[in-house]
Every structure is written in structure tokens, then in C-alpha cells.
Amino acid sequence: MPAVQENVTKEIVIERLKTVNGPDFTGNIVDLGMVSEIFIADAKVFFSITVPAARAQEMEPLRAAAERVVKAIPGVAGAVVALTAEKKGGGMEAPVPQRPAPRPAPRPTPAAAPAAAPRPAPHAPASHSQGKRGVPGIEAIIAVASGKGGVGKSTTAVNIALGLAANGLRVGVLDADIYGPSMPRLLNIHGRPQTVDGKVLKPMENYGLKVMSMGFLVDEETPMIWRGPMVMSALTQMLREVEWGPLDVLVVDMPPGTGDAQLTMAQQVPLAGAVIVSTPQDLALIDARKGLNMFKKVDVPLLGIVENMSYFLAPDTGKRYDIFGHGGARREAERLGVTFLGEVPLEMGIRESSDAGTPVVVSKPDGAEAKIYRDIASKVWDRVNEERGAAEAAVPSIVFE
């Protein structure tokens with residue numbers, strides 16, 4: 001049995017990567033300057049490989065070879081390797097030699113043929129099915145998103161998921177916020193996920209939910225200093241290399257904002273719809289509009305808007321205070337023709353139960369706040385079924401006579 005390397009270092013990883021040939025066997029990927037900064041956490045190795053954008057598709061075997069040699073290092077528990085066409089500092093600007101592609105012979109164009117359509121921009125709107133591959137065992141995937149952080153998106157996402165489960169559905173949660181994973185704390189889950197045959201991860205479980213988060217793989221205090229391609233590679237693995245099993249719905253707690261990671265996730269994952277979380281004030285609504293517009297551009301159905309921290313009821317007097325204003329999200333939903341899913345009050349019990357890892361839907365299932373979340377979950381699922389029906393109705397049927 002080979003000796004186990006207790007401390008996997010960057011130097012060891014670099015030496016192994018020098019055995020991987022670069023494109024066209026011109027040298028190794030390290031000496032060619034193709035390997036990014038290497039990040040190691042909990043015996044898992046993360047890095048990206050810079051390749052020419054025009055040749056990205058044919059470089060997949062190179063990426064797989066790099067991942068394979070790193071995983072073979074004694075003591076390495078896993079590896080996340082991404083391809084990127086970004087230019088990076090620190091020696092990453094070295095050009096990668098490539099063979100000049102032969103120029104294709106021009107084809108005759110019929111006189112009546114229309115002009116060729118322009119090539120779409122990288123973030124052009126996609127159709128419902130374009131470039132999107134379903135996840136086996138999952139019937140529907142719902143994104144819970146916000147235009148900015150600090151609006152209670154993760155708390156809303158986990159309580160919606162628990163509300164869906166309380167309504168009899170089989171539910172999973174994917175914590176897609178790589179930089180600030182919340183689900184381990186919100187759901188009071190600790191430890192590391194196990195693997196099936198050393199390849200596929202088993203999701204963690206609590207309160208009847210199947211859960212996967214970067215917070216299970218990396219210590220809470222470990223900073224994730226990653227570029228976009230690394231984030232997307234990690235998200236892809238947590239989505240597609242996890243034994244989710246049969247689920248009616250997977251709730252994805254999206255990263256806040258409307259950056260490249262969010263847009264790429266929306267473009268590549270077959271989302272059944274998106275829920276936008278906002279607070280009532282104008283500034284938050286401005287960012288919520290950005291989130292709504294992002295999902296519209298990538299052809300993801302908008303399931304509705306939740307107004308979080310909608311109002312505050314004083315516990316001693318019962319007097320209501322609209323601390324952040326009130327009704328802004330409802331008015332925005334009406335203006336945009338989007339379903340208004342409900343108002344969640346600014347309630348100390350919601351915050352306390354979330355911090356304790358016992359969300360209000362499970363800690364106080366008969367309380368007023370739990371009922372609000374269950375009602376929101378019911379409306380979300382109704383909207384998913386409406387969108388399904390609309391999509392099926394839009395598919396033309398072929399009748400043979």
C-alpha cells in the first residue's frame with residue numbers, strides 16, 4: 001500500500017502537472033504558463049488552465065489529464081480543474097502555441113439564400129433548451145435570487161425549500177453561493193459528504209432536505225479567492241456529480257447580484273423558474289430589477305417576487321412599523337406583470353431560528369411566519385406547474401393522417 005502524503009503542497013502539484021503535455025505536444029502546461037494559482041483546502045486541489053478561446057472545446061482531454069494526475073497524488077481527496085480563456089497576471093500571459101487552422105474553401109451561395117445570421121454575443125439570450133442539460137432524478141430546478149446581498153435571500157430560500165417539503169414534495173437544496181455558503185449554518189449540518197464509488201458525492205441531509213454546499217467541502221473560515229471559471233466548475237460538480245436521487249424539486253440558493261457566475265448558471269442549467277427576493281425600499285428594488293431582467297434575457301420564467309423584511313410588529317405593543325417602506329415589491333411585481341408571492345415580516349424569531357440552524361418552518365411549524373413561507377412555497381409550485389403547462393402547450397403536435 002503506498003504511503004499517504006499528509007500535506008499536499010503546491011510544489012508537489014506543480015511537479016505532477018509538469019508531466020502533462022501542452023497543446024500539440026510543444027511542452028508541459030506548467031512551463032507554458034497555462035496553470036493558474038493553485039489553491040489547496042482540506043486536501044482538495046483547485047486551479048484553472050488557460051487555453052486559447054478558439055480551441056477551448058478541443059482542450060477537454062488536456063483538462064481531464066491534469067485532473068487525473070493531480071487526483072493520483074497520495075493524500076489528494078479531490079480536484080477541481082477548469083478551462084479558462086482569461087489572461088491572468090503572474091506569468092499567465094505567455095501565448096500558447098497552436099497550429100494554424102486550414103482556411104476552408106468558399107462555398108457557393110444560392111442567389112435566393114438569405115444572408116448568414118450574425119454570431120450571437122457571449123451572453124445572448126438562450127432558448128429554454130439551448131445548451132441546457134437536465135440533471136437525472138430531478139424533476140424541476142428553481143433558482144432563488146436577489147439583485148444584491150443582505151436582503152435575506154438564503155433564509156428565504158431555505159424556508160421555501162422546507163415549505164415545499166412540508167407540502168409533500170421531495171426537495172433538495174444546492175447552495176450555489178461559493179464565496180459565502182450559508183446552508184451548513186442555516187440547516188445545522190456538519191461534517192463532510194461521503195462518496196459513491198469515490199466519484200459521486202452523497203448529499204448531506206437534515207429536516208428532510210438533501211443539501212450540497214461548498215461549506216461542506218471547505219472550512220468556514222477558508223477564503224475562496226477564485227475567478228469565474230473556477231466558480232462555475234465547482235457549481236457544475238456540485239450539481240451534476242452529486243447523487244441527488246429522485247427529487248420533485250431542487251432549490252438553488254443563487255449568489256447575490258447579476259455577475260458572470262449567475263448569468264452562466266441561468267444559461268446552462270435548465271431552470272424551471274426563478275424567485276426574486278427584495279426588501280421594500282427603492283434601492284433594493286433597483287437591484288431586484290436587474291435580477292429580473294437577467295432571467296428574462298436568458299429565457300428563464302419568473303415565478304414571482306418575495307418582499308422580505310416587509311414590516312415590523314413591535315412585540316410589546318403589536319404596533320406595526322414599515323421600517324424599510326412597504327409594498328414596493330408588490331407594486332414592482334404589478335408593474336412588470338410578475339406574480340407577487342408574499343410579504344415576510346422583519347421578525348426577530350426568523351433571524352434567531354436561522355442563526356441557530358432551526359429555520360422557522362421546522363422550529364415553529366404552526367407559527368404565523370411558517371404559514372407565510374408555506375403559502376409562498378405553494379404559490380411557487382403552482383407557478384412552476386403553470387409554466388410547465390404553458391411550455392407543453394407551446395410545443396406543436398404532429399398529426400399523421
# chains A, B, ... in the order shown; residues from 1 in each chain; ligands from 1
$ residues_around --residues "A:Asn308" --least-positions-apart "6" --cutoff "9 Å" --atoms "only C-alpha atoms" --output "short mmCIF file (atom, residue, chain, number, x, y, z; two decimals) with C-alpha atoms, in the first residue's frame"
data_model
loop_
_atom_site.label_atom_id
_atom_site.label_comp_id
_atom_site.auth_asym_id
_atom_site.auth_seq_id
_atom_site.Cartn_x
_atom_site.Cartn_y
_atom_site.Cartn_z
CA VAL A 151 -31.92 41.04 1.68
CA GLY A 152 -32.41 37.64 3.33
CA LYS A 153 -32.22 35.55 0.17
CA THR A 156 -35.97 32.82 2.22
CA VAL A 277 -36.15 38.29 -3.16
CA SER A 278 -36.14 42.01 -2.36
CA THR A 279 -36.77 44.38 0.51
CA PRO A 280 -39.35 47.16 0.02
CA ALA A 329 -42.01 44.78 -4.25
CA GLY A 342 -45.97 37.32 -0.44
CA GLU A 343 -44.67 39.54 2.35
CA VAL A 344 -42.32 38.24 5.04
CA PRO A 345 -42.11 40.43 8.16
CA LEU A 346 -38.95 41.62 9.84
#
$ residues_around --residues "A:Val218" --least-positions-apart "6" --cutoff "9 Å" --atoms "only C-alpha atoms" --output "MDAnalysis selection string"
chainID A and resid 41:42 44 192 224
$ select_by_dssp --residues "stretch 151-347 of chain A" --states "helix (DSSP H, G or I)" --output "number ranges by chain"
A: 153-166, 183-186, 214-216, 228-240, 260-268, 282-297, 328-336
$ atom_distance --atom1 "atom CA of A:Ala145" --atom2 "atom CA of A:Gly168"
23.6 Å
$ residues_around --residues "stretch 368-378 of chain A" --least-positions-apart "4" --cutoff "8 Å" --atoms "only C-alpha atoms" --output "PyMOL selection string"
chain A and resi 156+159-164+166-167+341-345+350+360-362+364+382
$ write_last_selection --atoms "N, CA and C atoms" --output "JSON list (two decimals), in the first residue's frame"
[["chain", "number", "residue", "atom", "x", "y", "z"],
["A", 156, "THR", "N", -34.75, 33.04, 3.00],
["A", 156, "THR", "CA", -35.97, 32.82, 2.22],
["A", 156, "THR", "C", -35.90, 31.51, 1.45],
["A", 159, "ASN", "N", -36.33, 28.42, 3.77],
["A", 159, "ASN", "CA", -37.69, 28.27, 4.27],
["A", 159, "ASN", "C", -38.68, 27.93, 3.16],
["A", 160, "ILE", "N", -38.43, 28.40, 1.94],
["A", 160, "ILE", "CA", -39.25, 27.97, 0.80],
["A", 160, "ILE", "C", -39.05, 26.48, 0.57],
["A", 161, "ALA", "N", -37.78, 26.04, 0.61],
["A", 161, "ALA", "CA", -37.50, 24.61, 0.42],
["A", 161, "ALA", "C", -38.20, 23.77, 1.49],
["A", 162, "LEU", "N", -38.14, 24.21, 2.74],
["A", 162, "LEU", "CA", -38.81, 23.49, 3.82],
["A", 162, "LEU", "C", -40.33, 23.55, 3.66],
["A", 163, "GLY", "N", -40.83, 24.68, 3.14],
["A", 163, "GLY", "CA", -42.25, 24.80, 2.87],
["A", 163, "GLY", "C", -42.70, 23.83, 1.79],
["A", 164, "LEU", "N", -41.90, 23.68, 0.74],
["A", 164, "LEU", "CA", -42.21, 22.72, -0.31],
["A", 164, "LEU", "C", -42.21, 21.30, 0.24],
["A", 166, "ALA", "N", -42.77, 20.48, 3.39],
["A", 166, "ALA", "CA", -43.93, 20.37, 4.26],
["A", 166, "ALA", "C", -45.21, 20.13, 3.46],
["A", 167, "ASN", "N", -45.21, 20.58, 2.20],
["A", 167, "ASN", "CA", -46.36, 20.38, 1.34],
["A", 167, "ASN", "C", -46.32, 19.04, 0.61],
["A", 341, "LEU", "N", -45.50, 36.97, -4.63],
["A", 341, "LEU", "CA", -45.60, 35.72, -3.86],
["A", 341, "LEU", "C", -45.94, 35.92, -2.40],
["A", 342, "GLY", "N", -45.62, 37.09, -1.84],
["A", 342, "GLY", "CA", -45.97, 37.32, -0.44],
["A", 342, "GLY", "C", -45.02, 38.24, 0.28],
["A", 343, "GLU", "N", -45.44, 38.64, 1.49],
["A", 343, "GLU", "CA", -44.67, 39.54, 2.35],
["A", 343, "GLU", "C", -44.18, 38.76, 3.57],
["A", 344, "VAL", "N", -42.90, 38.87, 3.85],
["A", 344, "VAL", "CA", -42.32, 38.24, 5.04],
["A", 344, "VAL", "C", -41.92, 39.36, 6.00],
["A", 345, "PRO", "N", -42.41, 39.34, 7.23],
["A", 345, "PRO", "CA", -42.11, 40.43, 8.16],
["A", 345, "PRO", "C", -40.67, 40.40, 8.66],
["A", 350, "ILE", "N", -37.38, 34.85, 13.22],
["A", 350, "ILE", "CA", -36.86, 34.30, 11.96],
["A", 350, "ILE", "C", -35.34, 34.35, 11.97],
["A", 360, "VAL", "N", -37.52, 28.63, 10.80],
["A", 360, "VAL", "CA", -38.81, 28.80, 11.45],
["A", 360, "VAL", "C", -39.86, 27.82, 10.96],
["A", 361, "VAL", "N", -39.75, 27.36, 9.72],
["A", 361, "VAL", "CA", -40.75, 26.42, 9.19],
["A", 361, "VAL", "C", -40.70, 25.08, 9.94],
["A", 362, "VAL", "N", -39.51, 24.71, 10.46],
["A", 362, "VAL", "CA", -39.43, 23.46, 11.22],
["A", 362, "VAL", "C", -39.42, 23.69, 12.73],
["A", 364, "LYS", "N", -40.98, 26.30, 14.37],
["A", 364, "LYS", "CA", -42.31, 26.74, 14.79],
["A", 364, "LYS", "C", -43.29, 26.52, 13.64],
["A", 382, "ASP", "N", -47.22, 26.23, -7.67],
["A", 382, "ASP", "CA", -48.30, 26.48, -8.63],
["A", 382, "ASP", "C", -47.76, 27.16, -9.89]]
$ residues_around --residues "stretch 241-253 of chain A" --least-positions-apart "2" --cutoff "7 Å" --atoms "only C-alpha atoms" --output "list in words"
Gly137, Ile138, Glu139, Ala140, Ile141, Ile142, Ala143, Val144, Ala145, Ser154, Ala157, Ala161, Leu169, Arg170, Val171, Gly172, Val173, Leu174, Asp175, Ala176, Asp177, Val200, Leu201, Lys202, Pro203, Gln237, Met238, Leu239 and Pro255 of chain A
$ write_last_selection --atoms "N, CA and C atoms" --output "compact mmCIF listing (two decimals), in the first residue's frame"
# COMPACT_ATOMS: atom_id res chain seq x y z
N GLY A 137 -32.89 12.50 -12.28
CA GLY A 137 -33.54 12.33 -10.98
C GLY A 137 -34.19 13.58 -10.42
N ILE A 138 -33.99 14.73 -11.07
CA ILE A 138 -34.58 15.98 -10.59
C ILE A 138 -35.64 16.45 -11.58
N GLU A 139 -36.88 16.59 -11.09
CA GLU A 139 -37.97 16.97 -11.97
C GLU A 139 -37.95 18.47 -12.30
N ALA A 140 -37.61 19.31 -11.33
CA ALA A 140 -37.63 20.76 -11.56
C ALA A 140 -36.55 21.41 -10.73
N ILE A 141 -35.94 22.46 -11.28
CA ILE A 141 -34.92 23.23 -10.57
C ILE A 141 -35.38 24.68 -10.48
N ILE A 142 -35.41 25.20 -9.27
CA ILE A 142 -35.87 26.57 -9.02
C ILE A 142 -34.71 27.39 -8.47
N ALA A 143 -34.50 28.57 -9.02
CA ALA A 143 -33.47 29.48 -8.51
C ALA A 143 -34.11 30.51 -7.59
N VAL A 144 -33.49 30.75 -6.44
CA VAL A 144 -33.89 31.84 -5.57
C VAL A 144 -32.76 32.85 -5.61
N ALA A 145 -33.05 34.06 -6.08
CA ALA A 145 -32.00 35.03 -6.37
C ALA A 145 -32.36 36.40 -5.83
N SER A 154 -30.94 33.83 1.35
CA SER A 154 -30.69 32.45 1.77
C SER A 154 -31.71 31.98 2.79
N ALA A 157 -34.73 31.24 0.83
CA ALA A 157 -34.58 30.02 0.03
C ALA A 157 -34.77 28.77 0.87
N ALA A 161 -37.78 26.04 0.61
CA ALA A 161 -37.50 24.61 0.42
C ALA A 161 -38.20 23.77 1.49
N LEU A 169 -43.52 17.47 -1.01
CA LEU A 169 -42.61 17.26 -2.13
C LEU A 169 -41.26 16.75 -1.63
N ARG A 170 -40.56 16.06 -2.53
CA ARG A 170 -39.18 15.62 -2.26
C ARG A 170 -38.26 16.75 -2.72
N VAL A 171 -37.49 17.31 -1.78
CA VAL A 171 -36.80 18.57 -2.03
C VAL A 171 -35.32 18.47 -1.72
N GLY A 172 -34.51 19.11 -2.56
CA GLY A 172 -33.09 19.28 -2.32
C GLY A 172 -32.73 20.75 -2.38
N VAL A 173 -31.58 21.09 -1.82
CA VAL A 173 -31.10 22.47 -1.84
C VAL A 173 -29.65 22.48 -2.30
N LEU A 174 -29.36 23.26 -3.31
CA LEU A 174 -27.99 23.48 -3.76
C LEU A 174 -27.58 24.89 -3.37
N ASP A 175 -26.56 24.99 -2.53
CA ASP A 175 -26.02 26.29 -2.11
C ASP A 175 -25.02 26.73 -3.16
N ALA A 176 -25.46 27.58 -4.08
CA ALA A 176 -24.61 28.00 -5.20
C ALA A 176 -23.76 29.23 -4.88
N ASP A 177 -23.83 29.70 -3.64
CA ASP A 177 -23.02 30.86 -3.24
C ASP A 177 -21.65 30.35 -2.79
N VAL A 200 -18.98 10.02 -7.12
CA VAL A 200 -20.15 10.88 -6.95
C VAL A 200 -20.37 11.15 -5.46
N LEU A 201 -20.66 12.40 -5.12
CA LEU A 201 -20.89 12.77 -3.73
C LEU A 201 -22.31 12.42 -3.28
N LYS A 202 -22.44 12.01 -2.04
CA LYS A 202 -23.75 11.86 -1.43
C LYS A 202 -24.13 13.18 -0.77
N PRO A 203 -25.32 13.70 -1.04
CA PRO A 203 -25.71 14.96 -0.40
C PRO A 203 -25.88 14.79 1.10
N GLN A 237 -19.87 20.66 -10.69
CA GLN A 237 -19.64 19.41 -9.97
C GLN A 237 -20.68 19.20 -8.87
N MET A 238 -21.01 20.26 -8.13
CA MET A 238 -22.00 20.11 -7.05
C MET A 238 -23.39 19.82 -7.60
N LEU A 239 -23.65 20.23 -8.82
CA LEU A 239 -24.96 19.98 -9.42
C LEU A 239 -25.03 18.60 -10.07
N PRO A 255 -25.97 32.93 -5.90
CA PRO A 255 -25.16 34.02 -5.35
C PRO A 255 -25.91 35.34 -5.54
$ closest_residue --among "A:Ser213, A:Gln194, A:Gln57, A:Ser146" --to "A:Val275" --atoms "only C-alpha atoms"
A:Ser146
$ select_by_dssp --residues "stretch 166-276 of chain A" --states "strand (DSSP E or B)" --output "list in words"
Val171, Gly172, Val173, Leu174, Asp175, Thr195, Val196, Val200, Leu201, Met204, Glu205, Asn206, Leu209, Lys210, Val211, Met212, Ser213, Val242, Leu247, Val249, Leu250, Val251, Val252, Asp253, Gly273, Ala274, Val275 and Ile276 of chain A
$ write_last_selection --atoms "N, CA and C atoms" --output "PDB file, in the first residue's frame"
ATOM      1  N   VAL A 171     -37.490  17.307  -1.778  1.00  0.00           N
ATOM      2  CA  VAL A 171     -36.805  18.571  -2.032  1.00  0.00           C
ATOM      3  C   VAL A 171     -35.318  18.469  -1.719  1.00  0.00           C
ATOM      4  N   GLY A 172     -34.515  19.108  -2.565  1.00  0.00           N
ATOM      5  CA  GLY A 172     -33.089  19.278  -2.324  1.00  0.00           C
ATOM      6  C   GLY A 172     -32.733  20.746  -2.378  1.00  0.00           C
ATOM      7  N   VAL A 173     -31.582  21.092  -1.822  1.00  0.00           N
ATOM      8  CA  VAL A 173     -31.099  22.472  -1.836  1.00  0.00           C
ATOM      9  C   VAL A 173     -29.646  22.480  -2.296  1.00  0.00           C
ATOM     10  N   LEU A 174     -29.361  23.265  -3.313  1.00  0.00           N
ATOM     11  CA  LEU A 174     -27.988  23.484  -3.761  1.00  0.00           C
ATOM     12  C   LEU A 174     -27.576  24.891  -3.367  1.00  0.00           C
ATOM     13  N   ASP A 175     -26.565  24.990  -2.530  1.00  0.00           N
ATOM     14  CA  ASP A 175     -26.025  26.285  -2.111  1.00  0.00           C
ATOM     15  C   ASP A 175     -25.022  26.726  -3.160  1.00  0.00           C
ATOM     16  N   THR A 195     -18.720   9.694  -0.495  1.00  0.00           N
ATOM     17  CA  THR A 195     -18.780   9.495  -1.937  1.00  0.00           C
ATOM     18  C   THR A 195     -19.336   8.120  -2.262  1.00  0.00           C
ATOM     19  N   VAL A 196     -19.858   7.998  -3.484  1.00  0.00           N
ATOM     20  CA  VAL A 196     -20.320   6.727  -4.010  1.00  0.00           C
ATOM     21  C   VAL A 196     -19.260   6.248  -4.989  1.00  0.00           C
ATOM     22  N   VAL A 200     -18.983  10.020  -7.118  1.00  0.00           N
ATOM     23  CA  VAL A 200     -20.154  10.880  -6.945  1.00  0.00           C
ATOM     24  C   VAL A 200     -20.368  11.148  -5.462  1.00  0.00           C
ATOM     25  N   LEU A 201     -20.664  12.400  -5.121  1.00  0.00           N
ATOM     26  CA  LEU A 201     -20.888  12.770  -3.726  1.00  0.00           C
ATOM     27  C   LEU A 201     -22.308  12.421  -3.284  1.00  0.00           C
ATOM     28  N   MET A 204     -25.643  15.843   1.844  1.00  0.00           N
ATOM     29  CA  MET A 204     -25.920  15.837   3.277  1.00  0.00           C
ATOM     30  C   MET A 204     -27.430  15.977   3.460  1.00  0.00           C
ATOM     31  N   GLU A 205     -27.944  15.613   4.633  1.00  0.00           N
ATOM     32  CA  GLU A 205     -29.392  15.668   4.847  1.00  0.00           C
ATOM     33  C   GLU A 205     -29.732  16.191   6.235  1.00  0.00           C
ATOM     34  N   ASN A 206     -30.804  16.953   6.299  1.00  0.00           N
ATOM     35  CA  ASN A 206     -31.415  17.362   7.562  1.00  0.00           C
ATOM     36  C   ASN A 206     -32.794  17.919   7.273  1.00  0.00           C
ATOM     37  N   LEU A 209     -34.439  17.455   3.893  1.00  0.00           N
ATOM     38  CA  LEU A 209     -33.862  18.052   2.688  1.00  0.00           C
ATOM     39  C   LEU A 209     -32.530  17.392   2.356  1.00  0.00           C
ATOM     40  N   LYS A 210     -32.266  17.196   1.077  1.00  0.00           N
ATOM     41  CA  LYS A 210     -30.940  16.800   0.610  1.00  0.00           C
ATOM     42  C   LYS A 210     -30.187  18.080   0.245  1.00  0.00           C
ATOM     43  N   VAL A 211     -28.956  18.216   0.727  1.00  0.00           N
ATOM     44  CA  VAL A 211     -28.262  19.502   0.634  1.00  0.00           C
ATOM     45  C   VAL A 211     -26.823  19.310   0.166  1.00  0.00           C
ATOM     46  N   MET A 212     -26.359  20.228  -0.707  1.00  0.00           N
ATOM     47  CA  MET A 212     -24.944  20.269  -1.073  1.00  0.00           C
ATOM     48  C   MET A 212     -24.491  21.723  -1.070  1.00  0.00           C
ATOM     49  N   SER A 213     -23.292  21.932  -0.516  1.00  0.00           N
ATOM     50  CA  SER A 213     -22.754  23.281  -0.375  1.00  0.00           C
ATOM     51  C   SER A 213     -21.244  23.216  -0.351  1.00  0.00           C
ATOM     52  N   VAL A 242     -23.401  14.791  -7.919  1.00  0.00           N
ATOM     53  CA  VAL A 242     -23.992  14.514  -6.613  1.00  0.00           C
ATOM     54  C   VAL A 242     -25.156  13.539  -6.824  1.00  0.00           C
ATOM     55  N   LEU A 247     -35.914  13.578  -6.907  1.00  0.00           N
ATOM     56  CA  LEU A 247     -36.397  14.810  -6.276  1.00  0.00           C
ATOM     57  C   LEU A 247     -37.497  15.413  -7.130  1.00  0.00           C
ATOM     58  N   VAL A 249     -38.146  18.637  -6.694  1.00  0.00           N
ATOM     59  CA  VAL A 249     -37.643  19.985  -6.942  1.00  0.00           C
ATOM     60  C   VAL A 249     -36.310  20.191  -6.226  1.00  0.00           C
ATOM     61  N   LEU A 250     -35.405  20.873  -6.905  1.00  0.00           N
ATOM     62  CA  LEU A 250     -34.138  21.304  -6.316  1.00  0.00           C
ATOM     63  C   LEU A 250     -34.174  22.831  -6.236  1.00  0.00           C
ATOM     64  N   VAL A 251     -34.025  23.361  -5.030  1.00  0.00           N
ATOM     65  CA  VAL A 251     -33.994  24.809  -4.830  1.00  0.00           C
ATOM     66  C   VAL A 251     -32.536  25.252  -4.830  1.00  0.00           C
ATOM     67  N   VAL A 252     -32.193  26.168  -5.713  1.00  0.00           N
ATOM     68  CA  VAL A 252     -30.825  26.665  -5.823  1.00  0.00           C
ATOM     69  C   VAL A 252     -30.749  28.046  -5.180  1.00  0.00           C
ATOM     70  N   ASP A 253     -29.973  28.141  -4.113  1.00  0.00           N
ATOM     71  CA  ASP A 253     -29.711  29.437  -3.473  1.00  0.00           C
ATOM     72  C   ASP A 253     -28.605  30.108  -4.273  1.00  0.00           C
ATOM     73  N   GLY A 273     -37.726  27.978 -13.232  1.00  0.00           N
ATOM     74  CA  GLY A 273     -38.142  29.348 -12.955  1.00  0.00           C
ATOM     75  C   GLY A 273     -37.275  29.961 -11.873  1.00  0.00           C
ATOM     76  N   ALA A 274     -37.467  31.259 -11.657  1.00  0.00           N
ATOM     77  CA  ALA A 274     -36.676  31.995 -10.676  1.00  0.00           C
ATOM     78  C   ALA A 274     -37.576  32.795  -9.754  1.00  0.00           C
ATOM     79  N   VAL A 275     -37.209  32.812  -8.475  1.00  0.00           N
ATOM     80  CA  VAL A 275     -37.873  33.633  -7.465  1.00  0.00           C
ATOM     81  C   VAL A 275     -36.912  34.754  -7.087  1.00  0.00           C
ATOM     82  N   ILE A 276     -37.386  35.989  -7.126  1.00  0.00           N
ATOM     83  CA  ILE A 276     -36.568  37.142  -6.768  1.00  0.00           C
ATOM     84  C   ILE A 276     -36.945  37.611  -5.372  1.00  0.00           C
TER      85      ILE A 276
END
